[in-house]
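Okay, protein-v3.tsv now, which holds TSV, C-alpha atoms:
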```tsv
chain	number	residue	atom	x	y	z
A	78	MET	CA	37.66	99.03	1.47
A	79	LEU	CA	34.50	99.51	3.50
A	80	GLY	CA	35.01	103.29	3.46
A	81	ILE	CA	35.37	103.28	-0.33
A	82	ILE	CA	32.24	101.15	-0.70
A	83	TYR	CA	30.34	103.63	1.49
A	84	SER	CA	31.54	106.43	-0.79
A	85	PHE	CA	30.48	104.48	-3.89
A	86	ALA	CA	26.99	103.91	-2.43
A	87	HIS	CA	26.76	107.63	-1.55
A	88	SER	CA	27.35	108.55	-5.19
A	89	PHE	CA	23.91	107.19	-6.15
A	90	GLU	CA	21.12	109.74	-6.41
A	91	ASN	CA	18.55	107.49	-4.76
A	92	ASN	CA	18.53	108.09	-0.97
A	93	LYS	CA	17.67	104.45	-0.25
A	94	LEU	CA	20.74	103.30	-2.17
A	95	LYS	CA	22.89	105.81	-0.27
A	96	LYS	CA	21.84	104.19	3.01
A	97	SER	CA	22.14	100.63	1.69
A	98	ALA	CA	25.81	100.17	2.66
A	99	LEU	CA	25.11	101.14	6.27
A	100	ILE	CA	22.08	98.81	6.38
A	101	PHE	CA	24.07	95.84	5.07
A	102	THR	CA	26.87	96.66	7.53
A	103	ILE	CA	24.46	96.60	10.47
A	104	LEU	CA	22.92	93.33	9.23
A	105	GLY	CA	26.38	91.79	8.87
A	106	ILE	CA	27.34	92.79	12.42
A	107	ILE	CA	24.07	91.35	13.75
A	108	ALA	CA	24.72	88.10	11.86
A	109	GLY	CA	28.21	88.02	13.42
A	110	PHE	CA	26.69	88.37	16.91
A	111	VAL	CA	24.31	85.50	16.11
A	112	MET	CA	27.24	83.32	14.96
A	113	LEU	CA	29.10	84.00	18.19
A	114	GLY	CA	25.97	83.39	20.25
A	115	VAL	CA	25.49	79.97	18.64
A	116	ARG	CA	29.09	79.05	19.46
A	117	LEU	CA	28.84	80.19	23.07
A	118	TYR	CA	25.46	78.52	23.60
A	119	ASN	CA	26.84	75.08	22.73
A	120	PRO	CA	30.65	75.31	22.34
A	121	LYS	CA	31.29	71.56	22.24
A	122	GLY	CA	28.40	70.64	19.97
A	123	MET	CA	28.81	73.53	17.52
A	124	ASN	CA	32.60	73.85	17.39
A	125	LEU	CA	33.27	71.44	14.50
A	126	ILE	CA	30.09	72.48	12.66
A	127	LEU	CA	30.97	76.18	12.82
A	128	MET	CA	34.58	75.46	11.89
A	129	ALA	CA	33.45	73.77	8.67
A	130	PHE	CA	30.87	76.52	8.08
A	131	ASN	CA	33.53	79.24	8.49
A	132	ARG	CA	35.77	77.53	5.93
A	133	LYS	CA	32.88	77.52	3.48
A	134	LEU	CA	32.30	81.20	4.30
A	135	VAL	CA	35.92	81.96	3.39
A	136	VAL	CA	35.43	80.30	0.00
A	137	THR	CA	32.15	82.20	-0.46
A	138	ILE	CA	33.81	85.54	0.37
A	139	ALA	CA	36.60	84.83	-2.12
A	140	GLY	CA	34.03	84.05	-4.83
A	141	LEU	CA	31.95	87.14	-4.04
A	142	ALA	CA	35.07	89.33	-4.03
A	143	LEU	CA	36.12	88.04	-7.46
A	144	LEU	CA	32.56	88.61	-8.71
A	145	SER	CA	32.66	92.17	-7.32
A	146	VAL	CA	35.95	92.80	-9.12
A	147	LEU	CA	34.34	91.68	-12.40
A	148	CYS	CA	31.22	93.80	-11.80
A	149	THR	CA	33.30	96.87	-10.92
A	150	LEU	CA	35.41	96.43	-14.04
A	151	LEU	CA	32.36	96.05	-16.30
A	152	ALA	CA	30.59	99.02	-14.69
A	153	SER	CA	33.71	101.13	-15.25
A	154	LEU	CA	34.07	100.16	-18.91
A	155	ILE	CA	30.37	100.16	-19.81
A	156	LYS	CA	28.53	103.21	-18.54
A	157	ASN	CA	25.25	101.59	-17.71
A	158	LYS	CA	23.03	102.35	-14.68
A	159	PHE	CA	21.87	98.75	-14.39
A	160	LEU	CA	25.47	97.43	-14.33
A	161	ARG	CA	26.32	100.05	-11.73
A	162	LEU	CA	23.40	98.90	-9.59
A	163	ILE	CA	24.47	95.24	-9.94
A	164	ASN	CA	27.97	96.30	-8.94
A	165	LEU	CA	26.65	97.95	-5.76
A	166	LEU	CA	24.54	94.89	-4.93
A	167	SER	CA	27.55	92.55	-5.27
A	168	LEU	CA	29.60	94.82	-2.99
A	169	LEU	CA	26.84	94.98	-0.37
A	170	VAL	CA	26.48	91.20	-0.24
A	171	LEU	CA	30.28	90.98	0.07
A	172	VAL	CA	30.16	93.40	3.02
A	173	PHE	CA	27.39	91.41	4.71
A	174	ILE	CA	29.08	88.00	4.37
A	175	SER	CA	32.50	89.39	5.32
A	176	LEU	CA	31.22	90.96	8.53
A	177	MET	CA	29.34	87.80	9.45
A	178	TYR	CA	32.70	85.98	9.19
A	179	LEU	CA	34.95	88.64	10.77
A	180	VAL	CA	32.84	89.93	13.68
A	181	PRO	CA	32.84	86.73	15.85
A	182	PRO	CA	36.65	86.42	16.17
A	183	ILE	CA	36.86	90.15	16.93
A	184	LEU	CA	34.22	89.82	19.66
A	185	GLN	CA	36.02	86.76	21.04
A	186	TYR	CA	38.80	89.08	22.22
A	187	THR	CA	36.39	90.55	24.78
A	188	ARG	CA	36.38	87.16	26.53
A	189	GLU	CA	40.14	87.45	27.07
A	190	PHE	CA	40.09	90.72	29.03
A	191	VAL	CA	40.12	88.84	32.34
A	192	TYR	CA	42.21	85.69	32.76
A	193	PHE	CA	41.31	82.81	35.04
A	194	GLY	CA	42.06	83.70	38.67
A	195	GLU	CA	42.53	87.39	37.85
A	196	SER	CA	40.45	90.26	39.22
A	197	GLY	CA	38.00	91.82	36.76
A	198	ILE	CA	39.22	95.30	37.67
A	199	SER	CA	42.94	94.61	37.54
A	200	THR	CA	45.37	96.83	35.63
A	201	ASN	CA	46.02	94.11	33.03
A	202	SER	CA	42.32	93.51	32.31
A	203	MET	CA	41.70	97.26	31.99
A	204	LEU	CA	44.66	97.63	29.62
A	205	ARG	CA	43.37	94.77	27.44
A	206	ALA	CA	39.92	96.39	27.28
A	207	LEU	CA	41.49	99.76	26.47
A	208	GLY	CA	43.65	98.24	23.73
A	209	PHE	CA	40.62	96.52	22.20
A	210	THR	CA	38.66	99.79	22.24
A	211	LEU	CA	41.50	101.77	20.68
A	212	GLY	CA	41.85	99.13	17.95
A	213	ILE	CA	38.16	99.47	17.07
A	214	ILE	CA	38.49	103.27	17.06
A	215	VAL	CA	41.46	103.13	14.65
A	216	CYS	CA	39.43	100.88	12.31
A	217	LEU	CA	36.43	103.24	12.42
A	218	LEU	CA	38.64	106.28	11.75
A	219	LEU	CA	40.28	104.46	8.84
A	220	THR	CA	36.84	103.72	7.39
A	221	LEU	CA	35.60	107.30	7.86
A	222	SER	CA	38.80	108.83	6.44
A	223	ALA	CA	38.76	106.53	3.39
A	224	TYR	CA	35.09	107.42	2.86
A	225	GLU	CA	35.76	111.17	2.91
A	226	VAL	CA	38.89	110.97	0.76
A	227	HIS	CA	37.20	108.77	-1.86
A	228	ARG	CA	34.19	111.12	-1.92
A	229	ALA	CA	36.54	113.90	-3.00
A	230	LEU	CA	37.11	112.03	-6.28
A	231	ARG	CA	34.20	113.53	-8.19
A	232	ASN	CA	35.41	111.90	-11.41
A	233	ASN	CA	33.72	108.47	-11.57
A	234	ASN	CA	36.63	106.94	-13.45
A	235	GLU	CA	39.10	107.88	-10.71
A	236	GLY	CA	36.79	106.63	-7.98
A	237	ASN	CA	36.15	103.36	-9.81
A	238	ILE	CA	39.87	102.72	-10.22
A	239	PHE	CA	40.48	102.91	-6.47
A	240	LEU	CA	37.34	100.88	-5.74
A	241	LEU	CA	38.46	98.21	-8.21
A	242	ALA	CA	41.98	98.10	-6.75
A	243	SER	CA	40.76	97.82	-3.15
A	244	VAL	CA	38.29	95.02	-3.90
A	245	ALA	CA	40.94	93.24	-6.01
A	246	ILE	CA	43.36	93.24	-3.05
A	247	TYR	CA	40.58	91.89	-0.83
A	248	ALA	CA	39.80	89.21	-3.42
A	249	CYS	CA	43.45	88.13	-3.49
A	250	GLU	CA	43.54	87.99	0.32
A	251	PHE	CA	40.52	85.71	0.61
A	252	SER	CA	41.48	83.67	-2.44
A	253	ALA	CA	44.68	82.73	-0.61
A	254	ALA	CA	42.62	81.93	2.49
A	255	ALA	CA	40.16	79.93	0.35
A	256	VAL	CA	42.98	77.71	-0.87
A	257	ALA	CA	43.76	76.71	2.72
A	258	ALA	CA	40.03	76.34	3.50
A	259	LEU	CA	39.45	74.02	0.52
A	260	GLN	CA	42.43	71.92	1.57
A	261	ARG	CA	41.00	71.53	5.08
A	262	LEU	CA	37.60	70.70	3.58
A	263	LYS	CA	39.36	67.84	1.72
A	264	VAL	CA	38.51	69.37	-1.67
A	265	TRP	CA	42.18	69.91	-2.54
A	266	ARG	CA	45.34	68.17	-1.44
A	267	THR	CA	48.46	70.03	-0.37
A	268	SER	CA	50.30	68.62	-3.40
A	269	ASP	CA	47.72	69.90	-5.92
A	270	SER	CA	49.07	72.61	-8.22
A	271	LEU	CA	47.44	75.96	-9.08
A	272	PHE	CA	49.08	77.88	-11.92
A	273	GLY	CA	52.37	76.18	-11.16
A	274	VAL	CA	52.15	76.78	-7.39
A	275	THR	CA	51.15	74.03	-4.99
A	276	VAL	CA	48.42	74.41	-2.39
A	277	PHE	CA	51.06	73.86	0.28
A	278	ASP	CA	53.17	76.75	-1.07
A	279	VAL	CA	50.17	79.09	-0.91
A	280	MET	CA	49.44	78.02	2.68
A	281	ILE	CA	53.06	78.54	3.72
A	282	TRP	CA	53.26	81.97	2.06
A	283	ARG	CA	50.03	83.08	3.72
A	284	GLY	CA	51.28	81.93	7.12
A	285	GLU	CA	54.58	83.76	6.72
A	286	ASN	CA	52.98	86.99	5.42
A	287	PRO	CA	49.81	87.50	7.47
A	288	ASN	CA	49.78	91.29	6.99
A	289	ALA	CA	50.74	91.48	3.31
A	290	PHE	CA	47.26	92.39	2.08
A	291	LEU	CA	46.71	94.86	4.93
A	292	PHE	CA	49.85	96.69	3.84
A	293	ALA	CA	48.68	96.55	0.21
A	294	GLN	CA	45.41	98.25	1.21
A	295	LEU	CA	47.33	100.90	3.14
A	296	VAL	CA	49.65	101.54	0.19
A	297	LEU	CA	46.56	102.00	-1.98
A	298	ALA	CA	45.18	104.44	0.61
A	299	LEU	CA	48.48	106.33	0.50
A	300	ILE	CA	48.29	106.60	-3.29
A	301	MET	CA	44.65	107.75	-3.09
A	302	LEU	CA	45.32	110.44	-0.49
A	303	ALA	CA	48.40	111.66	-2.38
A	304	PHE	CA	46.28	111.95	-5.51
A	305	VAL	CA	43.58	113.88	-3.64
A	306	ILE	CA	46.11	116.25	-2.04
A	307	LYS	CA	47.70	116.96	-5.41
A	308	THR	CA	44.41	117.54	-7.24
A	309	HIS	CA	42.76	119.49	-4.41
A	310	SER	CA	45.42	122.06	-3.69
A	311	LYS	CA	43.54	124.96	-5.31
A	312	PRO	CA	40.29	125.62	-7.21
A	313	ASP	CA	40.43	124.34	-10.79
A	314	ARG	CA	37.79	126.68	-12.26
A	315	GLU	CA	36.40	130.21	-12.08
A	316	PHE	CA	33.55	131.17	-9.74
A	317	PRO	CA	30.96	133.93	-10.28
A	318	ASN	CA	31.45	135.39	-6.78
A	319	LYS	CA	33.80	135.26	-3.80
A	320	ALA	CA	31.30	133.41	-1.60
A	321	LEU	CA	31.30	130.38	-3.91
A	322	LEU	CA	35.08	130.61	-4.17
A	323	ARG	CA	35.42	130.55	-0.37
A	324	LYS	CA	33.04	127.57	-0.22
A	325	GLU	CA	35.17	125.66	-2.75
A	326	LYS	CA	38.37	126.49	-0.87
A	327	ALA	CA	36.77	125.19	2.34
A	328	ARG	CA	35.80	121.96	0.57
A	329	LEU	CA	39.33	121.51	-0.74
A	330	ARG	CA	40.75	122.19	2.71
A	331	ASP	CA	38.48	119.54	4.24
A	332	CYS	CA	39.58	117.05	1.57
A	333	ARG	CA	43.24	117.66	2.41
A	334	ARG	CA	42.56	117.32	6.14
A	335	TRP	CA	40.77	114.00	5.67
A	336	SER	CA	43.71	112.88	3.53
A	337	TRP	CA	46.09	113.57	6.40
A	338	SER	CA	43.67	111.80	8.74
A	339	LEU	CA	43.82	108.73	6.49
A	340	ALA	CA	47.62	108.92	6.50
A	341	PHE	CA	47.72	109.16	10.30
A	342	CYS	CA	45.29	106.25	10.82
A	343	GLY	CA	47.20	104.14	8.29
A	344	ALA	CA	50.44	104.86	10.13
A	345	MET	CA	48.74	103.89	13.39
A	346	ALA	CA	47.63	100.58	11.86
A	347	VAL	CA	51.19	99.83	10.71
A	348	PHE	CA	52.55	100.80	14.14
A	349	ILE	CA	50.07	98.45	15.84
A	350	VAL	CA	50.60	95.37	13.65
A	351	ILE	CA	54.40	95.74	13.51
A	352	VAL	CA	55.84	97.59	16.50
A	353	LEU	CA	53.24	96.91	19.22
A	354	HIS	CA	52.72	93.32	18.08
A	355	TYR	CA	56.47	92.73	18.16
A	356	TYR	CA	56.86	94.04	21.71
A	357	ASP	CA	53.73	92.19	22.83
A	358	THR	CA	54.74	88.80	21.45
A	359	LYS	CA	58.55	88.72	21.45
A	360	PRO	CA	59.94	86.08	23.81
A	361	PRO	CA	62.20	87.36	26.56
A	362	ALA	CA	65.69	86.00	27.08
A	363	GLU	CA	65.81	82.25	27.54
A	364	ILE	CA	65.17	81.21	31.14
A	365	GLN	CA	68.37	79.60	32.38
A	366	PRO	CA	68.07	76.26	34.21
A	367	GLU	CA	68.37	76.62	37.97
A	368	PRO	CA	70.45	74.40	40.27
A	369	TYR	CA	68.96	71.67	42.42
A	370	GLU	CA	70.10	68.91	44.74
A	371	ILE	CA	70.30	65.29	43.62
A	372	SER	CA	71.01	62.27	45.81
A	373	ASP	CA	70.53	58.56	45.13
A	374	GLY	CA	68.68	59.30	41.90
A	375	ILE	CA	66.22	61.69	43.55
A	376	ILE	CA	66.07	65.38	42.59
A	377	SER	CA	64.96	67.75	45.34
A	378	ILE	CA	63.91	71.38	44.88
A	379	GLU	CA	63.06	73.62	47.83
A	380	LEU	CA	59.57	75.12	47.57
A	381	ALA	CA	60.85	78.43	48.93
A	382	LYS	CA	62.92	78.87	45.73
A	383	VAL	CA	59.92	78.41	43.40
A	384	SER	CA	57.09	79.99	45.41
A	385	ASP	CA	57.22	83.47	43.79
A	386	GLY	CA	54.60	82.62	41.13
A	387	HIS	CA	57.11	82.87	38.27
A	388	LEU	CA	58.23	80.15	35.89
A	389	HIS	CA	61.31	78.16	36.97
A	390	LYS	CA	63.19	75.90	34.60
A	391	PHE	CA	65.43	72.95	35.47
A	392	SER	CA	67.50	70.55	33.41
A	393	TYR	CA	68.56	66.94	33.87
A	394	VAL	CA	71.02	65.26	31.49
A	395	THR	CA	70.26	61.55	31.24
A	396	PRO	CA	72.91	58.81	30.93
A	397	ASN	CA	72.12	58.77	27.18
A	398	LYS	CA	73.06	62.49	27.01
A	399	TYR	CA	69.50	63.77	26.54
A	400	ASP	CA	68.84	67.18	28.10
A	401	VAL	CA	65.43	66.75	29.73
A	402	ARG	CA	64.03	70.16	30.70
A	403	PHE	CA	61.22	70.53	33.21
A	404	LEU	CA	59.28	73.42	34.76
A	405	VAL	CA	57.91	74.37	38.16
A	406	VAL	CA	55.49	77.23	38.86
A	407	LYS	CA	53.38	78.09	41.88
A	408	LYS	CA	49.72	78.32	40.90
A	409	PRO	CA	47.88	81.58	41.63
A	410	ALA	CA	44.89	79.79	43.16
A	411	GLY	CA	45.81	78.12	46.47
A	412	ALA	CA	49.15	76.66	47.51
A	413	ALA	CA	49.49	74.09	44.70
A	414	TYR	CA	52.40	73.84	42.25
A	415	GLY	CA	52.39	73.06	38.53
A	416	VAL	CA	55.14	70.68	37.46
A	417	GLY	CA	55.70	69.46	33.90
A	418	LEU	CA	58.17	68.97	31.11
A	419	ASP	CA	59.34	71.92	29.01
A	420	ALA	CA	57.48	70.26	26.13
A	421	CYS	CA	53.94	69.34	25.11
A	422	ASP	CA	52.20	66.69	23.00
A	423	ILE	CA	51.15	69.25	20.37
A	424	CYS	CA	54.17	71.52	19.86
A	425	GLY	CA	56.92	69.10	20.87
A	426	ILE	CA	59.98	70.50	22.61
A	427	ALA	CA	59.43	74.13	21.54
A	428	GLY	CA	59.13	74.91	25.24
A	429	TYR	CA	57.66	77.79	27.18
A	430	TYR	CA	58.61	81.26	28.31
A	431	GLU	CA	57.21	83.85	30.68
A	432	ARG	CA	55.69	87.14	29.51
A	433	GLY	CA	54.68	89.28	32.45
A	434	GLU	CA	52.46	87.05	34.54
A	435	GLU	CA	51.73	84.66	31.67
A	436	VAL	CA	53.31	81.39	30.59
A	437	ILE	CA	53.42	81.21	26.77
A	438	CYS	CA	54.13	78.37	24.33
A	439	ARG	CA	57.06	79.36	22.10
A	440	ARG	CA	55.65	77.69	18.98
A	441	CYS	CA	51.93	78.52	18.92
A	442	ASP	CA	51.94	81.56	21.25
A	443	VAL	CA	49.10	80.08	23.33
A	444	VAL	CA	48.76	81.48	26.84
A	445	MET	CA	48.83	78.74	29.49
A	446	ASN	CA	46.45	78.86	32.41
A	447	LYS	CA	48.85	78.43	35.34
A	448	ASN	CA	46.17	76.58	37.31
A	449	THR	CA	46.07	73.83	34.65
A	450	ILE	CA	49.85	73.29	34.45
A	451	GLY	CA	50.42	69.78	35.73
A	452	PHE	CA	47.31	68.41	34.00
A	453	LYS	CA	47.13	66.65	30.64
A	454	GLY	CA	45.56	68.19	27.57
A	455	GLY	CA	45.90	70.99	25.06
A	456	CYS	CA	49.23	72.77	24.91
A	457	ASN	CA	49.96	72.21	28.60
A	458	PRO	CA	53.44	71.02	29.65
A	459	VAL	CA	53.51	67.22	29.76
A	460	PRO	CA	52.96	66.23	33.42
A	461	PHE	CA	54.97	63.58	35.24
A	462	ASP	CA	55.02	61.99	38.70
A	463	TYR	CA	56.57	63.85	41.64
A	464	GLU	CA	56.09	64.26	45.40
A	465	ILE	CA	55.86	67.27	47.69
A	466	ARG	CA	56.82	66.79	51.34
A	467	SER	CA	58.90	68.48	53.98
A	468	GLY	CA	58.91	71.75	52.04
A	469	LYS	CA	60.50	70.23	48.94
A	470	ILE	CA	59.57	68.79	45.54
A	471	PHE	CA	61.03	65.31	44.95
A	472	ILE	CA	61.45	63.87	41.44
A	473	ASN	CA	62.82	60.43	40.63
A	474	VAL	CA	65.32	60.67	37.74
A	475	LYS	CA	63.86	57.45	36.32
A	476	VAL	CA	60.68	59.37	35.59
A	477	LEU	CA	62.64	61.95	33.58
A	478	GLU	CA	64.71	59.27	31.82
A	479	ALA	CA	61.47	57.67	30.62
A	480	GLU	CA	60.69	60.94	28.79
A	481	GLU	CA	64.17	61.50	27.36
A	482	LYS	CA	63.32	60.63	23.75
A	483	ARG	CA	61.01	63.65	23.58
A	484	PHE	CA	64.15	65.80	23.72
A	485	LYS	CA	66.05	64.31	20.78
```

Can I see the file as structure tokens?
Amino acid sequence: MLGIIYSFAHSFENNKLKKSALIFTILGIIAGFVMLGVRLYNPKGMNLILMAFNRKLVVTIAGLALLSVLCTLLASLIKNKFLRLINLLSLLVLVFISLMYLVPPILQYTREFVYFGESGISTNSMLRALGFTLGIIVCLLLTLSAYEVHRALRNNNEGNIFLLASVAIYACEFSAAAVAALQRLKVWRTSDSLFGVTVFDVMIWRGENPNAFLFAQLVLALIMLAFVIKTHSKPDREFPNKALLRKEKARLRDCRRWSWSLAFCGAMAVFIVIVLHYYDTKPPAEIQPEPYEISDGIISIELAKVSDGHLHKFSYVTPNKYDVRFLVVKKPAGAAYGVGLDACDICGIAGYYERGEEVICRRCDVVMNKNTIGFKGGCNPVPFDYEIRSGKIFINVKVLEAEEKRFK
């Protein structure tokens, strides 16, 4: 969408208007940096304030997107320079507000390159930084390709149709997000109905289809590039000399090349959000409970069996037939061990799994800091009492039986 908006701004004769999209983009990115800086300066004091502000931003973006759809439609139907200028202004404000909202969470990923206790120049941290960089490059190439392909549509009606469709998809995306934002702002209740659909239904659909609107934009890009390839296969008029004919053929060739570039970048985006995301987030096979010794109601686990830094799972069936699962992992910092239930206060008994060197919650996909396992709070495994002596971990079964109802 940003590439198409750049192309639309470039179609104006005034040089200042041609540069306006880039100016508003830069201002939006700067505003995003300011938003992130405010959060990092005072994370505890500003967290709730910025959370509420971001929800209001989502609603604002949805409103601006709907307004831009209306302006684009009117400018397409009524050929008026003033309406066209108003249309551009609405799109530029939409770009500015959207970037102010989207840039901070993107920049937050840079804080996850190096995990706690990990070297800053490790292979994993370098791979995360490389992946982040490649993701930004794919987005920039998508924008540039869309810009060049849309510019090839010299007919204003054709260009306006694709602009209208792209902004409409964006408006639908943020309208769905605005429904959830208004519910969290206590403006709407989950049971409230919108055109026969409840707020809760919209929230569930959005959660189950996070990439639906991305795919819709890419389908639109596919239609646009197919249209450009078809209409730019050969010159459609006569030229007074061969030099002008060669120049036109070169222009058409560039249009087709940018179309294939858009197709390639779109395919890369689909590959990233489907294939790479699947392999990055899929849980491995369930960790099978390991054996242990039990005598006089005391479980004992040799430290030598759990000192490899990986996650180890154990299971104890209580007299009431509850299967209480618990975990042991050696912490990377020092010689301490993290011991806790295979459950947490937030996500219940969803449990945890190991992905590479990371311990992950199965329900919310949050990465656990191994050094905090054994402490209360967040999505950490629920801690319980145990003892370490004589090279073994000792756990009283009464402690596990007291937690059995968590595992109903």

Distance query 10 Å from (49.4, 78.2, 29.2) using only C-alpha atoms, result as a PyMOL selection string: chain A and resi 429-431+435-438+442-450+455-458

Could you write out the selected residues, including C-alpha atoms, as a tab-separated table (two decimals), in the frame of the given file?
```tsv
chain	number	residue	atom	x	y	z
A	429	TYR	CA	57.66	77.79	27.18
A	430	TYR	CA	58.61	81.26	28.31
A	431	GLU	CA	57.21	83.85	30.68
A	435	GLU	CA	51.73	84.66	31.67
A	436	VAL	CA	53.31	81.39	30.59
A	437	ILE	CA	53.42	81.21	26.77
A	438	CYS	CA	54.13	78.37	24.33
A	442	ASP	CA	51.94	81.56	21.25
A	443	VAL	CA	49.10	80.08	23.33
A	444	VAL	CA	48.76	81.48	26.84
A	445	MET	CA	48.83	78.74	29.49
A	446	ASN	CA	46.45	78.86	32.41
A	447	LYS	CA	48.85	78.43	35.34
A	448	ASN	CA	46.17	76.58	37.31
A	449	THR	CA	46.07	73.83	34.65
A	450	ILE	CA	49.85	73.29	34.45
A	455	GLY	CA	45.90	70.99	25.06
A	456	CYS	CA	49.23	72.77	24.91
A	457	ASN	CA	49.96	72.21	28.60
A	458	PRO	CA	53.44	71.02	29.65
```

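Proximity ranking of A:Val476, A:Leu329, A:Leu168, A:Ile351 relative to Ile306 of chain A places A:Leu329 first, based on all atoms listed in the file.
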
Residue list as a ChimeraX atom specification for point (26.1, 87.2, 5.1), cut-off 12 Å, only C-alpha atoms: /A:101-112,131,133-135,137-138,141,167-180

Mind giving me the straight-line distance from atom CA of Tyr369 of chain A to atom CA of Ser392 of chain A in Å, one decimal?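 Atom CA of Tyr369 of chain A sits 9.2 Å away from atom CA of Ser392 of chain A.
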
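The gap separating atom CA of Arg432 of chain A from atom CA of Thr395 of chain A is 29.5 Å, in Å to one decimal.
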
Which polymer residues have any atom within 10 Å of an atom of Trp335 of chain A, counting all atoms listed in the file, with same-chain residues fewer than 6 positions away left out, as a ChimeraX atom specification? /A:221-227,229,302,305-306,329,341

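Pairwise distance (atom CA of Phe292 of chain A, atom CA of Ile246 of chain A) equals 10.1 Å.
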
Compare A:Leu262, A:Leu353, A:Leu147, A:Ile300 by their minimum atom-to-atom distance to Leu125 of chain A, counting only C-alpha atoms, and give me the closest one.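 Checking each of A:Leu262, A:Leu353, A:Leu147, A:Ile300 against Leu125 of chain A, counting only C-alpha atoms, the winner is A:Leu262.
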
Which residue is closest to Leu166 of chain A? Choose from A:Ile81, A:Val401, A:Leu154, A:Leu144 and count all atoms listed in the file.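 Ranking A:Ile81, A:Val401, A:Leu154, A:Leu144 by distance to Leu166 of chain A, first place goes to A:Leu144.
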
Find the spatial neighbours of segment 277-282 of chain A, counting all atoms listed in the file, within a cut-off of 9 Å - ignore same-chain residues fewer than 2 positions away - and output them as a PyMOL selection string. chain A and resi 253-254+256-257+260+266-270+274-275+284-287

Name all residues at most 10 Å from Gly428 of chain A (count all atoms listed in the file; drop same-chain ones fewer than 5 positions away) and give them as a VMD selection string. chain A and resid 402 to 404 418 to 421 437 to 440 458

Identify, on the basis of only C-alpha atoms, every residue whose closest approach to Ile470 of chain A does not exceed 9 Å; exclude the query and any residue fewer than 4 positions from it along the same chain; express the result as a list in words.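 Skipping anything fewer than 4 positions along the chain leaves Ile376, Ser377, Ile378, Glu379, Leu380, Tyr463, Glu464, Ile465 and Arg466 of chain A.
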
Find the residues near Ile375 of chain A: any atom within 7 Å, counting only C-alpha atoms, skip ones fewer than 5 places away on the same chain, and give them as a VMD selection string. chain A and resid 471 to 474

If you count all atoms listed in the file, the residue of A:Val406, A:Ser252, A:Leu259, A:Ile183 closest to Gly212 of chain A turns out to be A:Ile183

Completion of segment 135-144 of chain A up to N, CA, C and O atoms, as an mmCIF file, in the coordinates of the input:
```
data_model
loop_
_atom_site.group_PDB
_atom_site.id
_atom_site.type_symbol
_atom_site.label_atom_id
_atom_site.label_comp_id
_atom_site.auth_asym_id
_atom_site.auth_seq_id
_atom_site.Cartn_x
_atom_site.Cartn_y
_atom_site.Cartn_z
ATOM 1 N N VAL A 135 34.705 81.402 3.981
ATOM 2 C CA VAL A 135 35.920 81.960 3.390
ATOM 3 C C VAL A 135 35.901 81.781 1.872
ATOM 4 O O VAL A 135 36.210 82.708 1.110
ATOM 5 N N VAL A 136 35.522 80.579 1.434
ATOM 6 C CA VAL A 136 35.430 80.300 0.000
ATOM 7 C C VAL A 136 34.359 81.181 -0.643
ATOM 8 O O VAL A 136 34.552 81.723 -1.744
ATOM 9 N N THR A 137 33.231 81.352 0.050
ATOM 10 C CA THR A 137 32.150 82.200 -0.460
ATOM 11 C C THR A 137 32.604 83.653 -0.599
ATOM 12 O O THR A 137 32.316 84.318 -1.605
ATOM 13 N N ILE A 138 33.310 84.156 0.411
ATOM 14 C CA ILE A 138 33.810 85.540 0.370
ATOM 15 C C ILE A 138 34.768 85.724 -0.789
ATOM 16 O O ILE A 138 34.719 86.736 -1.506
ATOM 17 N N ALA A 139 35.657 84.747 -0.993
ATOM 18 C CA ALA A 139 36.600 84.830 -2.120
ATOM 19 C C ALA A 139 35.860 84.897 -3.445
ATOM 20 O O ALA A 139 36.190 85.710 -4.319
ATOM 21 N N GLY A 140 34.818 84.046 -3.598
ATOM 22 C CA GLY A 140 34.030 84.050 -4.830
ATOM 23 C C GLY A 140 33.287 85.357 -5.038
ATOM 24 O O GLY A 140 33.257 85.903 -6.143
ATOM 25 N N LEU A 141 32.684 85.873 -3.948
ATOM 26 C CA LEU A 141 31.950 87.140 -4.040
ATOM 27 C C LEU A 141 32.897 88.306 -4.359
ATOM 28 O O LEU A 141 32.545 89.216 -5.120
ATOM 29 N N ALA A 142 34.101 88.268 -3.774
ATOM 30 C CA ALA A 142 35.070 89.330 -4.030
ATOM 31 C C ALA A 142 35.503 89.327 -5.495
ATOM 32 O O ALA A 142 35.610 90.381 -6.133
ATOM 33 N N LEU A 143 35.745 88.148 -6.044
ATOM 34 C CA LEU A 143 36.120 88.040 -7.460
ATOM 35 C C LEU A 143 34.973 88.510 -8.352
ATOM 36 O O LEU A 143 35.199 89.174 -9.374
ATOM 37 N N LEU A 144 33.733 88.148 -7.962
ATOM 38 C CA LEU A 144 32.560 88.610 -8.710
ATOM 39 C C LEU A 144 32.446 90.135 -8.654
ATOM 40 O O LEU A 144 32.132 90.785 -9.655
#
```
